[in-house]
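Colleague: This one is my_file30.pdb, PDB, C-alpha atoms.
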```pdb
ATOM      1  CA  MET A  28     -62.390  24.673 -33.047
ATOM      2  CA  LYS A  29     -61.503  22.660 -36.126
ATOM      3  CA  GLN A  30     -57.933  22.460 -37.367
ATOM      4  CA  ASN A  31     -57.149  25.244 -39.814
ATOM      5  CA  LEU A  32     -56.047  24.653 -43.366
ATOM      6  CA  PHE A  33     -52.291  25.093 -43.741
ATOM      7  CA  LEU A  34     -52.743  28.029 -46.115
ATOM      8  CA  ASP A  35     -54.355  30.014 -43.293
ATOM      9  CA  SER A  36     -50.982  30.207 -41.544
ATOM     10  CA  GLY A  37     -49.842  33.560 -42.924
ATOM     11  CA  ILE A  38     -47.927  31.718 -45.597
ATOM     12  CA  ASP A  39     -48.253  34.568 -48.115
ATOM     13  CA  ARG A  40     -45.349  36.363 -46.444
ATOM     14  CA  ILE A  41     -42.803  33.638 -47.160
ATOM     15  CA  LYS A  42     -44.499  31.171 -49.520
ATOM     16  CA  ASP A  43     -41.992  31.761 -52.329
ATOM     17  CA  LYS A  44     -39.243  30.468 -50.051
ATOM     18  CA  MET A  45     -41.273  27.428 -49.044
ATOM     19  CA  LYS A  46     -43.014  26.078 -52.125
ATOM     20  CA  MET A  47     -41.171  22.987 -53.346
ATOM     21  CA  GLU A  48     -43.444  21.922 -56.156
ATOM     22  CA  GLU A  49     -46.460  23.136 -58.080
ATOM     23  CA  LYS A  50     -48.484  20.884 -60.337
ATOM     24  CA  LYS A  51     -51.125  22.527 -62.516
ATOM     25  CA  THR A  52     -53.767  20.765 -64.570
ATOM     26  CA  THR A  53     -57.032  21.919 -66.082
ATOM     27  CA  LEU A  54     -58.884  20.327 -63.151
ATOM     28  CA  TYR A  55     -56.785  21.195 -60.102
ATOM     29  CA  THR A  56     -53.557  22.701 -58.767
ATOM     30  CA  THR A  57     -51.360  20.907 -56.239
ATOM     31  CA  ASN A  58     -48.822  22.826 -54.163
ATOM     32  CA  HIS A  59     -46.208  21.144 -51.980
ATOM     33  CA  TYR A  60     -44.831  23.166 -49.064
ATOM     34  CA  VAL A  61     -42.120  22.221 -46.588
ATOM     35  CA  VAL A  62     -42.033  23.741 -43.121
ATOM     36  CA  SER A  63     -38.463  23.845 -41.852
ATOM     37  CA  LYS A  64     -37.094  24.513 -38.390
ATOM     38  CA  GLU A  65     -36.316  28.069 -39.536
ATOM     39  CA  ASN A  66     -39.879  29.027 -40.477
ATOM     40  CA  LYS A  67     -41.744  26.816 -37.978
ATOM     41  CA  ARG A  68     -42.101  29.560 -35.382
ATOM     42  CA  LYS A  69     -43.171  32.174 -37.913
ATOM     43  CA  LEU A  70     -45.925  29.957 -39.325
ATOM     44  CA  ARG A  71     -46.867  28.249 -36.070
ATOM     45  CA  LYS A  72     -46.918  24.962 -37.928
ATOM     46  CA  GLU A  73     -45.045  21.734 -37.317
ATOM     47  CA  VAL A  74     -41.984  20.772 -39.354
ATOM     48  CA  GLY A  75     -42.967  18.553 -42.264
ATOM     49  CA  ASP A  76     -44.543  18.295 -45.710
ATOM     50  CA  TYR A  77     -47.881  19.804 -46.648
ATOM     51  CA  PHE A  78     -49.671  19.108 -49.923
ATOM     52  CA  ILE A  79     -52.690  21.228 -50.892
ATOM     53  CA  ILE A  80     -54.907  20.198 -53.805
ATOM     54  CA  HIS A  81     -57.055  23.146 -54.906
ATOM     55  CA  PHE A  82     -60.012  22.795 -57.299
ATOM     56  CA  THR A  83     -63.363  24.303 -58.126
ATOM     57  CA  TYR A  84     -66.576  23.191 -56.477
ATOM     58  CA  GLU A  85     -67.774  21.971 -59.862
ATOM     59  CA  ASN A  86     -64.760  19.687 -60.232
ATOM     60  CA  LEU A  87     -65.277  18.384 -56.694
ATOM     61  CA  LEU A  88     -68.630  17.062 -57.818
ATOM     62  CA  LEU A  89     -67.877  16.061 -61.413
ATOM     63  CA  LYS A  90     -64.195  15.036 -61.484
ATOM     64  CA  GLN A  91     -63.914  12.856 -58.416
ATOM     65  CA  ASN A  92     -61.978  10.125 -60.196
ATOM     66  CA  MET A  93     -59.162  12.475 -61.233
ATOM     67  CA  LEU A  94     -58.982  14.076 -57.795
ATOM     68  CA  SER A  95     -58.866  10.637 -56.194
ATOM     69  CA  LYS A  96     -55.883   9.694 -58.360
ATOM     70  CA  GLU A  97     -54.060  12.817 -57.204
ATOM     71  CA  VAL A  98     -54.718  12.021 -53.546
ATOM     72  CA  GLU A  99     -53.408   8.500 -54.156
ATOM     73  CA  ARG A 100     -50.280   9.884 -55.834
ATOM     74  CA  ILE A 101     -49.498  12.053 -52.823
ATOM     75  CA  LEU A 102     -50.120   9.241 -50.341
ATOM     76  CA  LYS A 103     -47.697   7.067 -52.319
ATOM     77  CA  LEU A 104     -45.020   9.768 -52.014
ATOM     78  CA  PHE A 105     -45.350   9.705 -48.251
ATOM     79  CA  LEU A 106     -45.491   5.925 -47.927
ATOM     80  CA  LYS A 107     -42.313   5.492 -49.965
ATOM     81  CA  LYS A 108     -40.428   7.126 -47.090
ATOM     82  CA  TYR A 109     -41.491   4.493 -44.576
ATOM     83  CA  GLN A 110     -39.931   1.068 -44.181
ATOM     84  CA  LYS A 111     -43.085  -0.681 -42.996
ATOM     85  CA  THR A 112     -46.631  -0.183 -44.333
ATOM     86  CA  LYS A 113     -48.213  -3.583 -43.752
ATOM     87  CA  LYS A 114     -50.580  -2.538 -40.956
ATOM     88  CA  ILE A 115     -52.570   0.659 -41.432
ATOM     89  CA  LEU A 116     -54.902   2.257 -38.907
ATOM     90  CA  VAL A 117     -57.366   4.708 -40.448
ATOM     91  CA  VAL A 118     -59.024   7.009 -37.921
ATOM     92  CA  GLY A 119     -62.158   8.903 -38.931
ATOM     93  CA  LEU A 120     -62.513  11.891 -36.625
ATOM     94  CA  GLY A 121     -65.639  13.925 -36.075
ATOM     95  CA  ASN A 122     -69.344  13.691 -35.342
ATOM     96  CA  LYS A 123     -71.541  12.001 -37.934
ATOM     97  CA  ASN A 124     -74.589  13.883 -36.650
ATOM     98  CA  VAL A 125     -73.027  17.227 -37.624
ATOM     99  CA  LEU A 126     -72.430  17.191 -41.369
ATOM    100  CA  ALA A 127     -69.664  19.790 -41.419
ATOM    101  CA  ASP A 128     -67.789  17.654 -38.868
ATOM    102  CA  ALA A 129     -68.544  14.283 -40.459
ATOM    103  CA  LEU A 130     -65.876  13.853 -43.138
ATOM    104  CA  GLY A 131     -63.811  11.329 -41.179
ATOM    105  CA  VAL A 132     -66.740   9.080 -40.337
ATOM    106  CA  TYR A 133     -68.239   9.250 -43.837
ATOM    107  CA  THR A 134     -64.862   8.254 -45.272
ATOM    108  CA  THR A 135     -64.248   5.253 -43.038
ATOM    109  CA  ASP A 136     -67.778   4.036 -43.846
ATOM    110  CA  LYS A 137     -66.596   3.705 -47.472
ATOM    111  CA  LEU A 138     -63.280   1.997 -46.743
ATOM    112  CA  ILE A 139     -62.593  -1.738 -46.828
ATOM    113  CA  ALA A 140     -61.248  -3.265 -43.599
ATOM    114  CA  THR A 141     -58.857  -6.224 -43.953
ATOM    115  CA  ASN A 142     -57.260  -6.452 -40.512
ATOM    116  CA  GLN A 143     -59.669  -9.234 -39.500
ATOM    117  CA  TYR A 144     -58.136 -11.627 -42.057
ATOM    118  CA  GLN A 145     -55.085 -13.207 -40.471
ATOM    119  CA  ASP A 146     -53.765 -15.944 -42.743
ATOM    120  CA  PHE A 147     -54.212 -15.653 -46.461
ATOM    121  CA  LEU A 148     -54.111 -12.016 -47.542
ATOM    122  CA  THR A 149     -50.919 -10.519 -48.949
ATOM    123  CA  ILE A 150     -52.324  -6.994 -49.062
ATOM    124  CA  PRO A 151     -51.850  -4.604 -46.108
ATOM    125  CA  LYS A 152     -54.056  -5.058 -43.074
ATOM    126  CA  ILE A 153     -56.396  -2.099 -42.781
ATOM    127  CA  ALA A 154     -58.229  -1.326 -39.530
ATOM    128  CA  LEU A 155     -60.857   1.407 -39.241
ATOM    129  CA  PHE A 156     -61.744   3.351 -36.114
ATOM    130  CA  ASN A 157     -64.165   6.187 -35.370
ATOM    131  CA  PRO A 158     -63.597   7.560 -31.840
ATOM    132  CA  SER A 159     -66.587   9.942 -32.148
ATOM    133  CA  VAL A 160     -66.441  13.074 -29.981
ATOM    134  CA  THR A 161     -65.905  13.413 -26.263
ATOM    135  CA  HIS A 162     -69.291  14.915 -25.416
ATOM    136  CA  LYS A 163     -70.950  11.790 -26.845
ATOM    137  CA  THR A 164     -68.621   9.142 -25.389
ATOM    138  CA  GLY A 165     -67.388  10.780 -22.198
ATOM    139  CA  ILE A 166     -63.873   9.652 -23.131
ATOM    140  CA  ASN A 167     -61.210  11.842 -24.694
ATOM    141  CA  SER A 168     -60.644  10.860 -28.335
ATOM    142  CA  PHE A 169     -56.899  10.710 -27.829
ATOM    143  CA  LYS A 170     -57.326   8.075 -25.110
ATOM    144  CA  LEU A 171     -59.497   5.914 -27.361
ATOM    145  CA  ILE A 172     -57.029   6.163 -30.239
ATOM    146  CA  GLU A 173     -54.166   5.405 -27.873
ATOM    147  CA  MET A 174     -55.858   2.168 -26.767
ATOM    148  CA  VAL A 175     -56.389   1.024 -30.348
ATOM    149  CA  VAL A 176     -52.798   1.852 -31.328
ATOM    150  CA  LYS A 177     -51.384  -0.075 -28.387
ATOM    151  CA  ASP A 178     -53.507  -3.118 -29.243
ATOM    152  CA  MET A 179     -53.030  -3.120 -33.025
ATOM    153  CA  LYS A 180     -49.488  -1.744 -33.246
ATOM    154  CA  PRO A 181     -49.933  -0.262 -36.760
ATOM    155  CA  ASP A 182     -47.057   0.788 -39.001
ATOM    156  CA  VAL A 183     -48.845   3.968 -40.158
ATOM    157  CA  ILE A 184     -51.833   5.986 -38.951
ATOM    158  CA  LEU A 185     -54.088   7.896 -41.366
ATOM    159  CA  MET A 186     -56.168  10.601 -39.694
ATOM    160  CA  ILE A 187     -59.148  12.003 -41.605
ATOM    161  CA  ASP A 188     -61.037  15.069 -40.420
ATOM    162  CA  SER A 189     -62.950  18.166 -41.472
ATOM    163  CA  PHE A 190     -60.800  21.305 -41.407
ATOM    164  CA  SER A 191     -61.679  24.977 -41.237
ATOM    165  CA  THR A 192     -60.423  27.865 -43.345
ATOM    166  CA  LYS A 193     -60.413  31.646 -43.120
ATOM    167  CA  GLU A 194     -60.465  31.978 -46.915
ATOM    168  CA  VAL A 195     -63.715  31.605 -48.849
ATOM    169  CA  ASN A 196     -61.633  30.617 -51.868
ATOM    170  CA  TYR A 197     -60.625  27.344 -50.189
ATOM    171  CA  LEU A 198     -63.950  26.480 -48.568
ATOM    172  CA  ASN A 199     -65.152  23.112 -49.941
ATOM    173  CA  SER A 200     -62.484  23.387 -52.634
ATOM    174  CA  ALA A 201     -59.263  21.910 -51.235
ATOM    175  CA  ILE A 202     -57.759  18.740 -49.800
ATOM    176  CA  GLU A 203     -54.762  18.928 -47.487
ATOM    177  CA  ILE A 204     -52.434  15.980 -46.834
ATOM    178  CA  ASN A 205     -49.581  16.340 -44.350
ATOM    179  CA  ASP A 206     -47.294  14.232 -42.178
ATOM    180  CA  THR A 207     -47.271  16.501 -39.136
ATOM    181  CA  GLY A 208     -50.177  15.189 -37.096
ATOM    182  CA  ILE A 209     -53.534  16.387 -35.858
ATOM    183  CA  ILE A 210     -55.292  17.199 -32.583
ATOM    184  CA  PRO A 211     -58.591  15.289 -32.225
ATOM    185  CA  GLY A 212     -61.242  17.454 -30.609
ATOM    186  CA  SER A 213     -58.825  20.381 -30.542
ATOM    187  CA  VAL A 214     -61.427  22.577 -28.822
ATOM    188  CA  LEU A 215     -60.604  20.650 -25.651
ATOM    189  CA  ASN A 216     -57.555  21.698 -23.668
ATOM    190  CA  SER A 217     -57.034  18.071 -22.622
ATOM    191  CA  SER A 218     -56.515  16.890 -26.183
ATOM    192  CA  LYS A 219     -53.063  15.751 -27.233
ATOM    193  CA  GLU A 220     -51.620  15.966 -30.692
ATOM    194  CA  ILE A 221     -51.295  12.699 -32.577
ATOM    195  CA  ASN A 222     -48.085  12.708 -34.573
ATOM    196  CA  LYS A 223     -44.935  10.663 -35.049
ATOM    197  CA  LYS A 224     -43.635  11.673 -31.629
ATOM    198  CA  THR A 225     -46.801  10.460 -29.911
ATOM    199  CA  PHE A 226     -46.619   6.792 -30.908
ATOM    200  CA  GLN A 227     -43.244   6.608 -32.671
ATOM    201  CA  ILE A 228     -44.890   5.750 -36.001
ATOM    202  CA  PRO A 229     -45.706   7.911 -39.065
ATOM    203  CA  VAL A 230     -48.982   9.824 -38.977
ATOM    204  CA  LEU A 231     -50.612  11.225 -42.105
ATOM    205  CA  SER A 232     -53.490  13.695 -41.875
ATOM    206  CA  ILE A 233     -56.075  14.252 -44.601
ATOM    207  CA  GLY A 234     -58.508  17.129 -44.323
ATOM    208  CA  VAL A 235     -61.017  19.159 -46.304
ATOM    209  CA  PRO A 236     -61.974  22.713 -45.235
ATOM    210  CA  CYS A 237     -65.716  22.278 -44.714
ATOM    211  CA  VAL A 238     -66.369  25.329 -42.545
ATOM    212  CA  LEU A 239     -65.435  28.985 -42.749
ATOM    213  CA  ASN A 240     -63.744  30.327 -39.614
ATOM    214  CA  LEU A 241     -65.096  33.853 -39.427
ATOM    215  CA  ASN A 242     -64.699  35.918 -36.254
ATOM    216  CA  LYS A 243     -64.634  32.772 -34.095
ATOM    217  CA  MET A 244     -67.790  31.437 -35.761
ATOM    218  CA  LEU A 245     -67.730  28.295 -37.916
ATOM    219  CA  LEU A 246     -70.028  28.600 -40.914
ATOM    220  CA  ALA A 247     -70.940  25.885 -43.419
ATOM    221  CA  THR A 248     -72.613  26.237 -46.806
ATOM    222  CA  THR A 249     -76.037  24.888 -47.688
ATOM    223  CA  THR A 250     -74.288  22.393 -49.986
ATOM    224  CA  ILE A 251     -72.416  20.687 -47.122
ATOM    225  CA  GLN A 252     -74.138  17.319 -47.737
ATOM    226  CA  GLU A 253     -72.794  17.248 -51.302
ATOM    227  CA  VAL A 254     -69.361  18.373 -50.117
ATOM    228  CA  ILE A 255     -69.054  15.625 -47.506
ATOM    229  CA  GLU A 256     -70.323  12.927 -49.879
ATOM    230  CA  ALA A 257     -67.993  13.947 -52.709
ATOM    231  CA  SER A 258     -64.936  14.525 -50.503
ATOM    232  CA  SER A 259     -65.344  11.231 -48.661
ATOM    233  CA  ASN A 260     -65.760   9.422 -51.988
ATOM    234  CA  ILE A 261     -62.507  10.907 -53.272
ATOM    235  CA  ILE A 262     -60.472  10.079 -50.176
ATOM    236  CA  ALA A 263     -61.956   6.607 -49.671
ATOM    237  CA  THR A 264     -61.444   5.641 -53.310
ATOM    238  CA  SER A 265     -57.783   6.693 -53.183
ATOM    239  CA  ILE A 266     -57.092   4.714 -50.001
ATOM    240  CA  ASN A 267     -58.962   1.596 -51.144
ATOM    241  CA  HIS A 268     -57.144   1.618 -54.473
ATOM    242  CA  LEU A 269     -53.764   2.292 -52.898
ATOM    243  CA  PHE A 270     -53.861  -0.595 -50.449
ATOM    244  CA  ILE A 271     -56.251  -3.115 -51.978
ATOM    245  CA  LYS A 272     -56.606  -2.554 -55.730
TER
END
```
Could I get this file's structure written as structure tokens?
Modeller:
Amino acid sequence: MKQNLFLDSGIDRIKDKMKMEEKKTTLYTTNHYVVSKENKRKLRKEVGDYFIIHFTYENLLLKQNMLSKEVERILKLFLKKYQKTKKILVVGLGNKNVLADALGVYTTDKLIATNQYQDFLTIPKIALFNPSVTHKTGINSFKLIEMVVKDMKPDVILMIDSFSTKEVNYLNSAIEINDTGIIPGSVLNSSKEINKKTFQIPVLSIGVPCVLNLNKMLLATTTIQEVIEASSNIIATSINHLFIK
């Protein structure tokens, strides 16, 4: 089961008490929610910040540059809170052979790695990793990520994955960015959540709801190829521009 979009958490009951910021433009709306210790149990979500960018499918395809700038703005807000951001590990979760599950891998394919340059670069060192899925590798994704983290010792981890949603309104039409972690291959009971507690470093998650979670079935639209291409372009452009320019 893919990770659900934050707005599927029953937020309608208390969203007025949670919403910290709303930014509206003609192209998109961004809402910033904060889960506190008081409403954590009610929402079944981790304490932290959640940003949801909501747009039309048309703008996903035609206004990628503007959406990318908004993703970059939000990532900057998070990174300002951290003392060290010189070594970044970007993890692309999912299975490239299943389009609705391929957002992470498509995104890392469009990112620029710089971790291999040791001496002369002043920009952050970016490393990219795609752990694939357990039924293809025979190794739990968490274990693979754990090995890379221990070897690289990054300052920040960016996790990119396809999400699910129970609301047709958000399907293929939202980007969520949070600092609360993610569970790779969450269908497996053996999976562990990757968050700040796991490795003692900040973890940012970026997801797009690419499938509809309907009565325990995950359904994708016939336009999923366009969705994955456009969404990965938006996220990759924002990360490349943020760290490399």
Colleague: Skipping near chain neighbours, those fewer than 5 positions away, what residues fall within 7 Å of Ile153 (chain A) using only C-alpha atoms, listed as JSON, numbers by chain?
Modeller: {"A": [114, 115, 116, 140, 141, 142]}
Colleague: What residues come out when you apply the PyMOL selection byres ((chain A and resi 100-112) around 10) to this file, written as a PyMOL selection string?
Modeller: chain A and resi 57+59+76+78-80+94-99+113-115+151-152+181-185+204-206+228-231+233+265-266+269-270
Colleague: Separation of CA of Glu220 (chain A) and CA of Asp128 (chain A), in Å?
Modeller: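 Atom-to-atom, CA of Glu220 (chain A) to CA of Asp128 (chain A), that is 18.2 Å.
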Colleague: Take CA of Glu73 (chain A) and CA of Gln30 (chain A) and report the distance between them in Å, one decimal.
Modeller: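 A separation of 12.9 Å between them.
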Colleague: Between A:Asn66, A:Asn31, A:Thr52, A:Ser189, single out the one closest to Leu241 (chain A), counting all atoms listed in the file.
Modeller: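 Result for the nearest residue to Leu241 (chain A): A:Asn31.
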Colleague: Skipping near chain neighbours, those fewer than 4 positions away, what residues fall within 10 Å of Leu120 (chain A) using only C-alpha atoms, listed as a PyMOL selection string?
Modeller: chain A and resi 128-135+156-160+168+186-189+210-212
Colleague: If we count all atoms listed in the file, what is near Val62 (chain A) at a cut-off of 12 Å, once residues fewer than 3 positions away on the same chain are taken out, given as an MDAnalysis selection string?
Modeller: chainID A and resid 33:34 36 38 41:42 44:47 59 65:78 205:207
Colleague: Generate a file of the selected residues that holds C-alpha atoms, formatted as a PDB file, in the coordinates of the input.
Modeller:
```pdb
ATOM      1  CA  PHE A  33     -52.291  25.093 -43.741  1.00  0.00           C
ATOM      2  CA  LEU A  34     -52.743  28.029 -46.115  1.00  0.00           C
ATOM      3  CA  SER A  36     -50.982  30.207 -41.544  1.00  0.00           C
ATOM      4  CA  ILE A  38     -47.927  31.718 -45.597  1.00  0.00           C
ATOM      5  CA  ILE A  41     -42.803  33.638 -47.160  1.00  0.00           C
ATOM      6  CA  LYS A  42     -44.499  31.171 -49.520  1.00  0.00           C
ATOM      7  CA  LYS A  44     -39.243  30.468 -50.051  1.00  0.00           C
ATOM      8  CA  MET A  45     -41.273  27.428 -49.044  1.00  0.00           C
ATOM      9  CA  LYS A  46     -43.014  26.078 -52.125  1.00  0.00           C
ATOM     10  CA  MET A  47     -41.171  22.987 -53.346  1.00  0.00           C
ATOM     11  CA  HIS A  59     -46.208  21.144 -51.980  1.00  0.00           C
ATOM     12  CA  GLU A  65     -36.316  28.069 -39.536  1.00  0.00           C
ATOM     13  CA  ASN A  66     -39.879  29.027 -40.477  1.00  0.00           C
ATOM     14  CA  LYS A  67     -41.744  26.816 -37.978  1.00  0.00           C
ATOM     15  CA  ARG A  68     -42.101  29.560 -35.382  1.00  0.00           C
ATOM     16  CA  LYS A  69     -43.171  32.174 -37.913  1.00  0.00           C
ATOM     17  CA  LEU A  70     -45.925  29.957 -39.325  1.00  0.00           C
ATOM     18  CA  ARG A  71     -46.867  28.249 -36.070  1.00  0.00           C
ATOM     19  CA  LYS A  72     -46.918  24.962 -37.928  1.00  0.00           C
ATOM     20  CA  GLU A  73     -45.045  21.734 -37.317  1.00  0.00           C
ATOM     21  CA  VAL A  74     -41.984  20.772 -39.354  1.00  0.00           C
ATOM     22  CA  GLY A  75     -42.967  18.553 -42.264  1.00  0.00           C
ATOM     23  CA  ASP A  76     -44.543  18.295 -45.710  1.00  0.00           C
ATOM     24  CA  TYR A  77     -47.881  19.804 -46.648  1.00  0.00           C
ATOM     25  CA  PHE A  78     -49.671  19.108 -49.923  1.00  0.00           C
ATOM     26  CA  ASN A 205     -49.581  16.340 -44.350  1.00  0.00           C
ATOM     27  CA  ASP A 206     -47.294  14.232 -42.178  1.00  0.00           C
ATOM     28  CA  THR A 207     -47.271  16.501 -39.136  1.00  0.00           C
TER      29      THR A 207
END
```
Colleague: Could you please determine the separation between CA of Val238 (chain A) and CA of Lys224 (chain A) in Å, to one decimal place?
Modeller: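 Between these atoms lies a distance of 28.7 Å.
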Colleague: Quick one: residues within 12 Å of Leu245 (chain A), all atoms listed in the file, excluding same-chain residues fewer than 2 positions away - as a compact mmCIF listing (two decimals) with C-alpha atoms, keeping the file's coordinate frame?
Modeller:
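The result, written out as out.txt:
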```txt
# COMPACT_ATOMS: atom_id res chain seq x y z
CA MET A 28 -62.39 24.67 -33.05
CA LYS A 29 -61.50 22.66 -36.13
CA GLN A 30 -57.93 22.46 -37.37
CA ASN A 31 -57.15 25.24 -39.81
CA ALA A 127 -69.66 19.79 -41.42
CA ASP A 128 -67.79 17.65 -38.87
CA SER A 189 -62.95 18.17 -41.47
CA PHE A 190 -60.80 21.30 -41.41
CA SER A 191 -61.68 24.98 -41.24
CA THR A 192 -60.42 27.86 -43.34
CA LYS A 193 -60.41 31.65 -43.12
CA LEU A 198 -63.95 26.48 -48.57
CA PRO A 236 -61.97 22.71 -45.24
CA CYS A 237 -65.72 22.28 -44.71
CA VAL A 238 -66.37 25.33 -42.54
CA LEU A 239 -65.44 28.98 -42.75
CA ASN A 240 -63.74 30.33 -39.61
CA LEU A 241 -65.10 33.85 -39.43
CA ASN A 242 -64.70 35.92 -36.25
CA LYS A 243 -64.63 32.77 -34.10
CA ALA A 247 -70.94 25.88 -43.42
CA THR A 248 -72.61 26.24 -46.81
```
Colleague: Compare A:Asn124, A:Asp136, A:Met179, A:Phe226 by their minimum atom-to-atom distance to Lys163 (chain A), counting only C-alpha atoms, and give me the closest one.
Modeller: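 Nearest to Lys163 (chain A): A:Asn124.
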Colleague: When the PyMOL selection byres ((chain A and resi 83) around 12) is applied to the file above, which residues end up in the set, as a CSV table (one decimal) with C-alpha atoms, in the frame of the given file?
Modeller:
```csv
chain,number,residue,atom,x,y,z
A,53,THR,CA,-57.0,21.9,-66.1
A,54,LEU,CA,-58.9,20.3,-63.2
A,55,TYR,CA,-56.8,21.2,-60.1
A,56,THR,CA,-53.6,22.7,-58.8
A,80,ILE,CA,-54.9,20.2,-53.8
A,81,HIS,CA,-57.1,23.1,-54.9
A,82,PHE,CA,-60.0,22.8,-57.3
A,84,TYR,CA,-66.6,23.2,-56.5
A,85,GLU,CA,-67.8,22.0,-59.9
A,86,ASN,CA,-64.8,19.7,-60.2
A,87,LEU,CA,-65.3,18.4,-56.7
A,88,LEU,CA,-68.6,17.1,-57.8
A,89,LEU,CA,-67.9,16.1,-61.4
A,90,LYS,CA,-64.2,15.0,-61.5
A,91,GLN,CA,-63.9,12.9,-58.4
A,94,LEU,CA,-59.0,14.1,-57.8
A,195,VAL,CA,-63.7,31.6,-48.8
A,196,ASN,CA,-61.6,30.6,-51.9
A,197,TYR,CA,-60.6,27.3,-50.2
A,198,LEU,CA,-64.0,26.5,-48.6
A,199,ASN,CA,-65.2,23.1,-49.9
A,200,SER,CA,-62.5,23.4,-52.6
A,201,ALA,CA,-59.3,21.9,-51.2
A,202,ILE,CA,-57.8,18.7,-49.8
A,254,VAL,CA,-69.4,18.4,-50.1
```
Colleague: Centre and edge lengths of an axis-aligned box around all listed atoms of region 99-102 of chain A, with 8 Å added on each side, are to be given in Å to one decimal, as JSON.
Modeller:
```
{"center_x": -51.5, "center_y": 10.3, "center_z": -53.1, "size_x": 19.9, "size_y": 19.6, "size_z": 21.5}
```
Colleague: Output the residue selection produced by the PyMOL selection byres ((chain A and resi 221) around 7) on the file above, formatted as a list in words.
Modeller: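 Output from the PyMOL selection byres ((chain A and resi 221) around 7), applied to this file: Gly208, Ile209, Ile210, Lys219, Glu220, Asn222 and Thr225 of chain A.
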Colleague: For His268 (chain A), which of A:Gly165, A:Asp35, A:Ile150, A:Lys223 is the closest residue, counting all atoms listed in the file?
Modeller: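 When distances to His268 (chain A) are compared using all atoms listed in the file, the smallest one comes from A:Ile150.
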Colleague: Assuming the input is short of atoms at region 231-242 of chain A, produce N, CA and C atoms for that part as a PDB file, keeping the file's coordinate frame.
Modeller:
```pdb
ATOM      1  N   LEU A 231     -50.192  10.379 -40.996  1.00  0.00           N
ATOM      2  CA  LEU A 231     -50.612  11.225 -42.105  1.00  0.00           C
ATOM      3  C   LEU A 231     -52.000  11.779 -41.804  1.00  0.00           C
ATOM      4  N   SER A 232     -52.198  13.055 -42.075  1.00  0.00           N
ATOM      5  CA  SER A 232     -53.490  13.695 -41.875  1.00  0.00           C
ATOM      6  C   SER A 232     -54.076  14.119 -43.216  1.00  0.00           C
ATOM      7  N   ILE A 233     -55.362  13.856 -43.382  1.00  0.00           N
ATOM      8  CA  ILE A 233     -56.075  14.252 -44.601  1.00  0.00           C
ATOM      9  C   ILE A 233     -57.283  15.075 -44.178  1.00  0.00           C
ATOM     10  N   GLY A 234     -57.403  16.275 -44.718  1.00  0.00           N
ATOM     11  CA  GLY A 234     -58.508  17.129 -44.323  1.00  0.00           C
ATOM     12  C   GLY A 234     -59.072  17.939 -45.467  1.00  0.00           C
ATOM     13  N   VAL A 235     -60.331  18.295 -45.338  1.00  0.00           N
ATOM     14  CA  VAL A 235     -61.017  19.159 -46.304  1.00  0.00           C
ATOM     15  C   VAL A 235     -61.619  20.321 -45.526  1.00  0.00           C
ATOM     16  N   PRO A 236     -61.377  21.570 -45.940  1.00  0.00           N
ATOM     17  CA  PRO A 236     -61.974  22.713 -45.235  1.00  0.00           C
ATOM     18  C   PRO A 236     -63.476  22.797 -45.514  1.00  0.00           C
ATOM     19  N   CYS A 237     -64.262  22.354 -44.549  1.00  0.00           N
ATOM     20  CA  CYS A 237     -65.716  22.278 -44.714  1.00  0.00           C
ATOM     21  C   CYS A 237     -66.454  23.414 -44.026  1.00  0.00           C
ATOM     22  N   VAL A 238     -65.739  24.196 -43.217  1.00  0.00           N
ATOM     23  CA  VAL A 238     -66.369  25.329 -42.545  1.00  0.00           C
ATOM     24  C   VAL A 238     -65.485  26.560 -42.678  1.00  0.00           C
ATOM     25  N   LEU A 239     -66.129  27.700 -42.682  1.00  0.00           N
ATOM     26  CA  LEU A 239     -65.435  28.985 -42.749  1.00  0.00           C
ATOM     27  C   LEU A 239     -65.280  29.523 -41.334  1.00  0.00           C
ATOM     28  N   ASN A 240     -64.043  29.801 -40.952  1.00  0.00           N
ATOM     29  CA  ASN A 240     -63.744  30.327 -39.614  1.00  0.00           C
ATOM     30  C   ASN A 240     -63.773  31.849 -39.694  1.00  0.00           C
ATOM     31  N   LEU A 241     -64.886  32.414 -39.278  1.00  0.00           N
ATOM     32  CA  LEU A 241     -65.096  33.853 -39.427  1.00  0.00           C
ATOM     33  C   LEU A 241     -65.425  34.463 -38.073  1.00  0.00           C
ATOM     34  N   ASN A 242     -64.481  35.252 -37.549  1.00  0.00           N
ATOM     35  CA  ASN A 242     -64.699  35.918 -36.254  1.00  0.00           C
ATOM     36  C   ASN A 242     -65.137  34.929 -35.175  1.00  0.00           C
TER      37      ASN A 242
END
```
